[in-house]
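So the structure is just underneath, and the comments pick up after that.
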Protein chains: 2
Amino acid sequence: MNVTLAHGAGGRSMRRLVTDVFASAFDPSPHAEIGLAALDDGAVLRVGEHHLVVTTDAHVVSPAFFPGGDIGRLAICGTVNDLAVMGATAPLGITSAIVIEEGYPLVDLERIRTSMLQACREAHTTVVAGDTKVMGRGEVDGIVITTTGFGLAQRAITDCGLRPGDVIIVTGFVADHGLAVMAQRHKLAFETPPHSDVAPINHLIARVLHVAGDEVTAMKDPTRGGVASALHEMAEKSNVGIVLDEPAVPVTPAARAVSELLGIDPLYVANEGKALIGVAPEAARRVIEALREMHQGRDAAIIGRCVDEHRGMIVVETGFGRRLLAEPEGELLPRIC
Amino acid sequence: MNVTLAHGAGGRSMRRLVTDVFASAFDPSPHAEIGLAALDDGAVLRVGEHHLVVTTDAHVVSPAFFPGGDIGRLAICGTVNDLAVMGATAPLGITSAIVIEEGYPLVDLERIRTSMLQACREAHTTVVAGDTKVMGRGEVDGIVITTTGFGLAQRAITDCGLRPGDVIIVTGFVADHGLAVMAQRHKLAFETPPHSDVAPINHLIARVLHVAGDEVTAMKDPTRGGVASALHEMAEKSNVGIVLDEPAVPVTPAARAVSELLGIDPLYVANEGKALIGVAPEAARRVIEALREMHQGRDAAIIGRCVDEHRGMIVVETGFGRRLLAEPEGELLPRIC
C-alpha cells in the first residue's frame with residue numbers, strides 16, 4: 001500500500017493515516033496535557049505553572065505566490081492561528097525550517113522572507129530559530145516551509161469541548177483561501193478574482209477569550225478540508241451533533257460565483273484567517289459583538305448549534321430542508337497550504 | 001542570483017545565505033536570551049524562571065535508509081542532540097512535520113516511524129504534535145521530515161563561550177555518518193562498510209554537565225561540514241584561535257580507509273552522534289573520565305585547545321608540522337542529514 005494524495009489533503013483519509021501510522025504509535029508524554037493522540041492543532045505541555053502550547057505545520061502550497069499572500073505569509077499565519085485556537089494568543093516565538101530547490105531565485109526567497117517578517121509583525125511575534133536545506137533540481141518543487149510555534153495559554157482550549165446547546169460561530173467569510181489558490185493554479189480569470197484570507201487572527205481570538213473566558217468551549221481553524229472537515233472533527237471528538245445553518249455561513253458573492261462555476265461547495269474549501277468558535281449560548285451575543293468590533297471579525301456570524309442527537313454528524317439546514325454534510329474523504333485540492 | 005547546493009550543505013556559503021536573507025531580517029524577540037541572530041543550534045527563551053531551548057531542523061537525507069540508521073532516527077537524534085548541546089538534556093517533547101511523495105510505500109513510512117519511536121525511547125522523549133502533507137509524484141524526492149524540539153536548561157550553553165586556555169573534547173569517532181551515507185548513495189562496496197553514528201547523546205551530555213557544570217564553556221554537534229565547520233563557528237563566535245591536534249582526533253581505521261579512497265578529509269564529514277565540548281583546562285580530565293565511563297563516550301578524546309592568537313582560525317598540528325584548516329565553502333555532500 002502506498003501513500004496517496006488523499007492522505008495529505010485533509011479529511012478522513014489523512015486522519016486515518018496519521019492515526020494509524022503516527023498518533024497511536026508514540027508513547028504519551030509525561031509533560032503533555034494534550035498530546036499527539038488528541039490529534040488537535042497542537043500539543044499542550046506543562047512547564048512549571050505554565051501551559052506551553054506547541055504546534056507544527058509543513059507548508060507546501062502551490063503556487064507559492066497567490067492573490068492575497070504567499071507561502072511565507074501562510075507559514076507564519078498558519079502557525080500563529082493554530083496556537084491561538086488552542087489559547088496561546090501571544091506567541092513566544094516561531095521556528096522556521098526551509099527546504100529550497102537548487103536554482104530557486106534568491107529574489108523570490110527574499111520576497112517570501114519579507115512576507116514572513118510582515119506577518120510576524122502583525123501577530124506581534126518573530127522567528128527565533130531556523131534551518132535551511134537545499135535539495136537538487138527536481139528533488140523538491142520550489143520551496144517547503146515548516147514552521148513550529150510555541151506560546152503560553154492561560155487555559156488550553158481544545159477542539160473537543162463542545163456541549164449540547166453550545167453555539168458555533170465563524171469569524172468571517174469562508175472559502176477565499178482555497179479558491180484563490182485554485183484559481184491561480186489553474187490560471188482561471190474572474191472579474192472579481194478570489195483573494196486569500198491568509199492573516200494572523202491571534203488578536204481577534206484574544207479579544208474573544210477576553211469577553212467570554214471559560215464560556216469558549218472549543219476552537220478550531222478550518223484550514224484543509226474547510227469548515228466541513230473542522231466541524232466533523234469537533235463534533236466527533238466532542239461527541240455532539242451539530243446543526244449547521246447553511247444560509248448563515250458568510251460567503252462573498254465572488255466566492256460563491258467561483259464555487260458554483262467550479263462545482264465546489266464553499267464549506268469544503270480551506271481558510272487561513274478564520275476560526276470556528278464554540279461558545280455557551282449565553283455568551284454568543286457577547287462574542288459576536290466583540291468580533292464585529294474588530295476589522296477581522298466584522299463579518300462574524302452564528303452558523304450552528306450543538307445538539308445531543310446524531311452525534312459526530314453535521315446536519316445542514318439549507319433553508320429548504322435538511323441534509324447530512326459528508327466528511328471530505330480526501331483530496332479536494334492538494335497543496336492548498 | 002539563485003540558490004545553489006552549496007547554500008544547503010553547511011559551511012561558509014550557507015552561513016552567508018542564512019545570515020543575509022534570514023537572521024538579520026527578523027526582529028529580535030523580547031523573550032529570547034539566545035535568538036535567531038546568534039545562529040546557534042537553537043534559541044533559548046525565558047519562560048518565567050525557566051530557560052526554554054527550542055531547535056528545528058529539516059531532514060532531507062538521501063538515501064533515506066543507510067547503514068546504521070534512517071531518516072526517522074536521524075530526525076529525532078538531530079533534534080535531541082541540538083537541544084542537548086544547548087544544555088537541555090531532558091527534552092519536553094518533539095514535533096514532527098512530514099512531507100511525503102505520492103506513491104511512497106506505506107511500509108517504508110512505518111519503518112521510519114518505528115525508528116523515530118525507538119530513538120525517542122533511547123532519548124527518553126516522545127513526539128507530541130505532528131503534521132503530514134503529501135506532494136505529487138516528482139514534486140518531492142521521497143520524504144522530508146522536519147523535527148522541532150523543546151526542553152528546559154538549567155543554564156543555556158552556547159557555541160560561543162570558548163576562552164583562551166579551554167580544552168576541546170570530542171565525544172568519540174568522527175566521520176562515520178557522512179561516509180555511511182556517501183557509500184550507500186554511490187553503492188560503494190567496502191570490506192568494513194562505514195556505519196552511521198546516528199544516536200541521541202543527551203544522556204552523555206547530561207553526565208558531562210553533571211561532573212563539570214559551569215566549567216563547560218561551549219558545545220556544538222559537528223553535523224553538516226563536520227568537525228571543521230563546527231570548530232570554525234565556535235572559534236569565530238568565541239573570538240579565540242583553536243589549535244587542533246590532528247593525530248588525536250578519533251577516526252576508525254575503516255573510516256580512514258574510506259576517506260582516503262574518496263580523497264576526503266574526515267574532519268569535513270558529518271557526524272550525528274557526537275559533540276564538541278569546550279571545557280576549562282582543570283575540568284578536562286574529569287570530563288574525559290566521565291565520558292569514557294559511558295558506552296557512547298568510550299572513545300572520547302582531547303583534540304585541541306583554545307589560544308589567544310589567530311582568532312577565528314583553526315591551526316592543525318599534524319604531528320609533522322602545522323597548517324591552517326580551511327572552512328568548508330559549501331557542498332561537500334548535499335542531503336547528508
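We label chains A, B, ... in the order they appear in the C-alpha cells, count residues from 1 in each chain, and number ligands from 1 in the order shown.
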So which bits of stretch 60-220 of chain B end up strand (DSSP E) when you DSSP the backbone, as an MDAnalysis selection string?
chainID B and resid 65:66 69:70 91:101 127:135 143:153 167:170 216:220
List as a PDB file with N, CA, C and O atoms, in the first residue's frame the protein and nucleic acid residues near A:Val211, meaning an atom at most 9 Å away when only C-alpha atoms are counted, but skip any in the same chain fewer than 4 places from it.
```
ATOM      1  N   ALA A 206      -7.799  36.613  21.012  1.00  0.00           N
ATOM      2  CA  ALA A 206      -7.532  37.139  22.352  1.00  0.00           C
ATOM      3  C   ALA A 206      -8.742  37.941  22.850  1.00  0.00           C
ATOM      4  O   ALA A 206      -9.131  37.855  24.018  1.00  0.00           O
ATOM      5  N   ARG A 207      -9.319  38.714  21.926  1.00  0.00           N
ATOM      6  CA  ARG A 207     -10.492  39.528  22.275  1.00  0.00           C
ATOM      7  C   ARG A 207     -11.670  38.625  22.679  1.00  0.00           C
ATOM      8  O   ARG A 207     -12.362  38.897  23.669  1.00  0.00           O
ATOM      9  N   ALA A 283     -23.213  33.278  25.969  1.00  0.00           N
ATOM     10  CA  ALA A 283     -22.099  34.156  25.598  1.00  0.00           C
ATOM     11  C   ALA A 283     -22.119  34.510  24.110  1.00  0.00           C
ATOM     12  O   ALA A 283     -21.339  35.352  23.657  1.00  0.00           O
ATOM     13  N   ARG A 286     -22.490  38.211  23.051  1.00  0.00           N
ATOM     14  CA  ARG A 286     -21.322  38.970  23.506  1.00  0.00           C
ATOM     15  C   ARG A 286     -20.116  38.723  22.595  1.00  0.00           C
ATOM     16  O   ARG A 286     -19.389  39.646  22.228  1.00  0.00           O
ATOM     17  N   VAL A 287     -19.924  37.476  22.228  1.00  0.00           N
ATOM     18  CA  VAL A 287     -18.779  37.138  21.375  1.00  0.00           C
ATOM     19  C   VAL A 287     -18.954  37.736  19.979  1.00  0.00           C
ATOM     20  O   VAL A 287     -18.031  38.329  19.418  1.00  0.00           O
ATOM     21  N   ALA A 290     -18.250  41.424  20.143  1.00  0.00           N
ATOM     22  CA  ALA A 290     -16.808  41.680  20.299  1.00  0.00           C
ATOM     23  C   ALA A 290     -16.084  41.447  18.975  1.00  0.00           C
ATOM     24  O   ALA A 290     -15.203  42.223  18.587  1.00  0.00           O
TER      25      ALA A 290
END
```
Test item: residues at most 10 Å from B:Gly213, only C-alpha atoms, excluding those fewer than 3 positions along its chain, as a ChimeraX atom specification
/B:154-155,206-210,216-217,279,283
Residues of stretch 51-122 of chain A classed as alpha helix (DSSP H) by DSSP on the backbone are to be reported as a ChimeraX atom specification.
/A:71-85,106-122
Fewer than 2 positions away in the same chain doesn't count, so skip those; otherwise give me all residues within 8 Å of stretch 42-55 of chain B, counting only C-alpha atoms, as an MDAnalysis selection string.
(chainID A and resid 92 95 128:130) or (chainID B and resid 31:36 39:40 57 79 82:83 86 88 148:156)
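When only C-alpha atoms are used to measure the gap to B:Arg12, the shortest distance among B:Arg305, B:Arg298, B:Arg111, B:Arg224 belongs to B:Arg224.
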Residues within 10 Å of A:Gly78, please, as a PyMOL selection string. Count only C-alpha atoms; anything in the same chain fewer than 6 positions from it doesn't count.
chain A and resi 55-59+72+84+147-149+198-201+221+223+271-273+337
List the spatial neighbours of B:Asp197 as JSON, numbers by chain - criterion: any atom at most 12 Å away, only C-alpha atoms, same-chain residues fewer than 3 positions off excluded.
{"B": [66, 67, 68, 69, 70, 73, 74, 77, 78, 171, 172, 173, 174, 175, 176, 177, 178, 179, 180, 181, 194, 200, 201, 222, 223, 252, 255, 269, 270, 271, 272, 273, 274, 275, 296]}
For the residues in that selection, give me N, CA, C and O atoms as a short mmCIF file (atom, residue, chain, number, x, y, z; two decimals), in the first residue's frame.
```
data_model
loop_
_atom_site.label_atom_id
_atom_site.label_comp_id
_atom_site.auth_asym_id
_atom_site.auth_seq_id
_atom_site.Cartn_x
_atom_site.Cartn_y
_atom_site.Cartn_z
N PHE B 66 20.12 3.99 5.42
CA PHE B 66 21.57 3.84 5.25
C PHE B 66 22.10 2.98 6.39
O PHE B 66 21.41 2.81 7.41
N PRO B 67 23.30 2.44 6.25
CA PRO B 67 23.82 1.57 7.32
C PRO B 67 23.90 2.33 8.64
O PRO B 67 24.54 3.37 8.71
N GLY B 68 23.23 1.81 9.64
CA GLY B 68 23.27 2.43 10.96
C GLY B 68 22.05 3.26 11.28
O GLY B 68 21.89 3.68 12.43
N GLY B 69 21.20 3.53 10.30
CA GLY B 69 20.04 4.36 10.62
C GLY B 69 19.19 4.67 9.41
O GLY B 69 19.33 4.08 8.35
N ASP B 70 18.27 5.60 9.61
CA ASP B 70 17.42 6.08 8.52
C ASP B 70 16.98 7.49 8.88
O ASP B 70 17.32 8.03 9.93
N ARG B 73 15.30 8.02 12.41
CA ARG B 73 16.24 8.06 13.53
C ARG B 73 17.04 9.37 13.51
O ARG B 73 17.27 10.00 14.54
N LEU B 74 17.45 9.76 12.30
CA LEU B 74 18.24 10.98 12.14
C LEU B 74 17.46 12.20 12.62
O LEU B 74 18.02 13.08 13.31
N CYS B 77 17.26 12.16 16.50
CA CYS B 77 18.57 12.33 17.13
C CYS B 77 19.12 13.73 16.87
O CYS B 77 19.69 14.36 17.77
N GLY B 78 18.95 14.23 15.63
CA GLY B 78 19.46 15.56 15.31
C GLY B 78 18.85 16.60 16.24
O GLY B 78 19.54 17.50 16.75
N THR B 171 33.51 13.62 21.61
CA THR B 171 33.00 12.51 22.41
C THR B 171 33.24 11.13 21.81
O THR B 171 32.90 10.12 22.44
N GLY B 172 33.81 11.06 20.59
CA GLY B 172 34.09 9.75 20.01
C GLY B 172 34.54 9.86 18.56
O GLY B 172 34.91 10.95 18.10
N PHE B 173 34.49 8.73 17.85
CA PHE B 173 34.96 8.65 16.46
C PHE B 173 34.18 9.59 15.54
O PHE B 173 32.95 9.66 15.63
N VAL B 174 34.90 10.24 14.64
CA VAL B 174 34.23 11.18 13.73
C VAL B 174 34.13 10.61 12.31
O VAL B 174 34.83 9.67 11.95
N ALA B 175 33.24 11.18 11.55
CA ALA B 175 33.09 10.99 10.09
C ALA B 175 32.22 9.80 9.69
O ALA B 175 31.95 9.62 8.50
N ASP B 176 31.78 9.01 10.63
CA ASP B 176 31.07 7.78 10.24
C ASP B 176 29.73 8.05 9.55
O ASP B 176 29.38 7.34 8.61
N HIS B 177 28.99 9.05 10.01
CA HIS B 177 27.68 9.27 9.40
C HIS B 177 27.80 9.64 7.92
O HIS B 177 27.20 9.03 7.04
N GLY B 178 28.61 10.66 7.66
CA GLY B 178 28.75 11.13 6.29
C GLY B 178 29.28 10.05 5.36
O GLY B 178 28.80 9.89 4.23
N LEU B 179 30.24 9.29 5.83
CA LEU B 179 30.82 8.23 4.99
C LEU B 179 29.79 7.12 4.73
O LEU B 179 29.73 6.57 3.62
N ALA B 180 28.99 6.82 5.73
CA ALA B 180 27.97 5.77 5.55
C ALA B 180 26.95 6.18 4.49
O ALA B 180 26.58 5.40 3.62
N VAL B 181 26.51 7.44 4.56
CA VAL B 181 25.52 7.91 3.58
C VAL B 181 26.14 7.96 2.18
O VAL B 181 25.53 7.55 1.20
N PRO B 194 31.31 1.66 6.27
CA PRO B 194 31.09 2.60 7.37
C PRO B 194 29.62 2.58 7.81
O PRO B 194 28.72 2.43 7.00
N PRO B 200 21.01 9.43 19.89
CA PRO B 200 20.81 10.54 20.83
C PRO B 200 21.91 10.52 21.88
O PRO B 200 22.19 9.46 22.46
N ILE B 201 22.53 11.66 22.12
CA ILE B 201 23.62 11.68 23.12
C ILE B 201 23.26 12.59 24.29
O ILE B 201 24.13 13.10 24.98
N PRO B 222 28.95 18.41 15.68
CA PRO B 222 29.59 18.60 14.37
C PRO B 222 28.86 17.83 13.28
O PRO B 222 29.33 16.78 12.85
N THR B 223 27.71 18.37 12.83
CA THR B 223 26.91 17.70 11.80
C THR B 223 27.41 18.16 10.42
O THR B 223 28.54 17.88 10.06
N THR B 252 38.09 5.78 13.02
CA THR B 252 38.29 4.33 12.93
C THR B 252 39.14 4.01 11.70
O THR B 252 39.12 4.76 10.72
N ALA B 255 36.94 4.01 8.65
CA ALA B 255 36.57 5.33 8.15
C ALA B 255 37.77 6.00 7.49
O ALA B 255 37.64 6.66 6.47
N VAL B 269 33.59 15.71 7.42
CA VAL B 269 32.47 14.80 7.20
C VAL B 269 31.49 14.85 8.39
O VAL B 269 31.91 14.88 9.55
N ALA B 270 30.22 14.82 8.07
CA ALA B 270 29.16 14.98 9.07
C ALA B 270 29.10 13.84 10.09
O ALA B 270 29.35 12.67 9.75
N ASN B 271 28.75 14.19 11.31
CA ASN B 271 28.51 13.24 12.40
C ASN B 271 27.10 13.47 12.92
O ASN B 271 26.57 14.56 12.84
N GLU B 272 26.49 12.41 13.49
CA GLU B 272 25.14 12.58 14.03
C GLU B 272 24.99 11.98 15.42
O GLU B 272 23.86 11.77 15.89
N GLY B 273 26.12 11.73 16.08
CA GLY B 273 26.04 11.22 17.44
C GLY B 273 27.27 11.65 18.24
O GLY B 273 27.74 10.90 19.11
N LYS B 274 27.78 12.83 17.93
CA LYS B 274 28.99 13.31 18.57
C LYS B 274 28.80 14.75 19.00
O LYS B 274 27.96 15.46 18.44
N ALA B 275 29.61 15.16 19.99
CA ALA B 275 29.61 16.56 20.38
C ALA B 275 31.05 17.04 20.52
O ALA B 275 31.95 16.26 20.87
N GLN B 296 28.69 5.44 25.02
CA GLN B 296 28.75 6.38 23.89
C GLN B 296 29.98 7.28 23.95
O GLN B 296 30.30 7.94 22.96
#
```
Min atom-atom distance to B:Ser115 from the set B:Leu261, B:Ile76, B:Leu333, B:Ala254, counting only C-alpha atoms, belongs to B:Ile76
Name the residues in contact with A:Ile169 at a cut-off of 8 Å, using only C-alpha atoms, excluding same-chain residues fewer than 3 positions from it; report them as a list in words.
Leu276, Ile277, Gly278, Val279, Ala284, Ile288, Ala300, Ala301, Ile302, Ile303 and Gly304 of chain A
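For the residues B:Val107, B:Met234, B:Val249, B:Met313, ranking by smallest atom-to-atom distance to chain A using only C-alpha atoms places B:Val107 first.
You can rank A:Leu325, A:Glu282, A:Arg311, A:Ala218 by their closest distance to A:Asp265 using only C-alpha atoms, and at the top of that list sits A:Leu325.
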Measuring atom to atom with only C-alpha atoms, identify which of B:Leu109, B:Ile71, B:Ala280, B:Val85 is nearest to chain A.
B:Leu109
